Amino acid sequence: MNIDRLTPKLLLKTIRDLAAVRRPPGEILTLHLLHAADSAAGKRIKLELLLHEITWDTLKHLRQRQLIDVNTAEPMTFEATITAMRADIQAAEITPEIRAWSALYHRYFAPVCASSEQIGPAVGVSPRTYRRWIRDGVTRLVFDLQRRELEAQ
């Protein structure tokens, strides 16, 4: 896949499709990163695992770098999600990117996902602000995927 075609808009649509158990756009399944899978279903699964892994690993790394005292396991309750998000928001004063990765992870990849309308007010921001953080996270994820795709080509 030409990395110029891997845009935040395409990736957000892909993430939403995967979350809703719909087929992602066919173009994204042409990523060289997915060539090890030999079927469309295999590529979809590999893509979902890859996006989760990148998002979660990046968030954990940023938390460790900022010495954030949050359980390193994935949050299994809505309350744990909110506690983790609040810690990440406080750390964003030093490392703003953590807020974007955290918003993206907790909205789409955490074991207990919730809507922007639920998470935003629970962490003290409007759903609109929370969606803006998600878009920032998607943009960062696009750059990471583009770099990995170049390495895979």
# chains A, B, ... in the order shown; residues from 1 in each chain; ligands from 1

$ residues_around --residues "stretch 75-80 of chain A" --least-positions-apart "3" --cutoff "9 Å" --atoms "only C-alpha atoms" --output "list of chain:residue names"
A:Asn71, A:Thr72, A:Thr83, A:Ala84, A:Met85, A:His106, A:Ala110, A:Pro111, A:Val112, A:Cys113, A:Ala114, A:Ile119

$ residues_around --residues "A:Thr30" --least-positions-apart "6" --cutoff "10 Å" --atoms "only C-alpha atoms" --output "list of chain:residue names"
A:Met1, A:Asn2, A:Ala40, A:Lys43

$ write_last_selection --atoms "C-alpha atoms" --output "compact mmCIF listing (two decimals), in the first residue's frame"
# COMPACT_ATOMS: atom_id res chain seq x y z
CA MET A 1 0.00 0.00 0.00
CA ASN A 2 1.21 3.49 -0.81
CA ALA A 40 -9.11 -11.47 4.04
CA LYS A 43 -5.63 -10.01 7.42

$ select_by_dssp --residues "stretch 64-117 of chain A" --states "helix (DSSP H, G or I)" --output "ChimeraX atom specification"
/A:64-65,78-91,97-109,116-117

$ closest_residue --among "A:His32, A:Arg63, A:Lys9, A:Arg99" --to "A:Gln146" --atoms "only C-alpha atoms"
A:His32

$ atom_distance --atom1 "atom CA of A:Ile82" --atom2 "atom CA of A:Pro24"
28.6 Å

$ closest_residue --among "A:Asp38, A:Asp17, A:Glu53, A:Glu97" --to "A:Leu145" --atoms "only C-alpha atoms"
A:Glu53

$ closest_atom_pairs --of "stretch 87-124 of chain A" --to "stretch 54-57 of chain A" --cutoff "9 Å" --atoms "only C-alpha atoms" --output "Markdown table"
| residue | atom | partner | partner_atom | distance |
| --- | --- | --- | --- | --- |
| A:Trp101 | CA | A:Thr55 | CA | 6.5 |
| A:Ser102 | CA | A:Thr55 | CA | 8.2 |
| A:Leu104 | CA | A:Thr55 | CA | 7.7 |
| A:Tyr105 | CA | A:Thr55 | CA | 6.0 |
| A:Phe109 | CA | A:Thr55 | CA | 7.9 |
| A:Ala110 | CA | A:Trp56 | CA | 8.4 |

$ residues_around --residues "A:Ala152" --least-positions-apart "4" --cutoff "9 Å" --atoms "only C-alpha atoms" --output "list in words"
Leu31, His32, Leu33, Arg147 and Arg148 of chain A

$ write_last_selection --atoms "C-alpha atoms" --output "PDB file, in the first residue's frame"
ATOM      1  CA  LEU A  31      -0.647  -3.252   3.781  1.00  0.00           C
ATOM      2  CA  HIS A  32       2.617  -5.176   3.494  1.00  0.00           C
ATOM      3  CA  LEU A  33       2.446  -5.545   7.275  1.00  0.00           C
ATOM      4  CA  ARG A 147       6.880   3.961   9.399  1.00  0.00           C
ATOM      5  CA  ARG A 148       6.255   0.242   9.912  1.00  0.00           C
TER       6      ARG A 148
END

$ closest_residue --among "A:Thr95, A:Tyr130, A:Glu149, A:Gln66" --to "A:Leu29" --atoms "only C-alpha atoms"
A:Glu149

$ atom_distance --atom1 "atom CA of A:Ser116" --atom2 "atom CA of A:Thr139"
17.5 Å

$ residues_around --residues "A:Arg135" --least-positions-apart "6" --cutoff "8 Å" --atoms "only C-alpha atoms" --output "PyMOL selection string"
chain A and resi 8+12+100+104

$ write_last_selection --atoms "N, CA, C and O atoms" --output "CSV table (one decimal), in the first residue's frame"
chain,number,residue,atom,x,y,z
A,8,PRO,N,-5.5,9.6,8.4
A,8,PRO,CA,-6.3,9.5,9.6
A,8,PRO,C,-7.7,9.1,9.3
A,8,PRO,O,-8.3,8.3,10.1
A,12,LEU,N,-9.3,5.8,10.9
A,12,LEU,CA,-10.5,5.9,11.9
A,12,LEU,C,-11.6,5.1,11.4
A,12,LEU,O,-12.3,4.4,12.2
A,100,ALA,N,-3.5,11.5,24.0
A,100,ALA,CA,-4.1,11.0,22.7
A,100,ALA,C,-4.1,9.5,22.6
A,100,ALA,O,-5.0,8.9,22.2
A,104,LEU,N,-7.5,7.1,22.5
A,104,LEU,CA,-7.7,6.2,21.5
A,104,LEU,C,-7.8,4.7,22.0
A,104,LEU,O,-8.8,4.0,21.7

$ closest_residue --among "A:Ala87, A:Ala103, A:Val21, A:Ala37" --to "A:Val138" --atoms "only C-alpha atoms"
A:Ala103

$ atom_distance --atom1 "atom CA of A:Thr7" --atom2 "atom CA of A:Val125"
26.5 Å
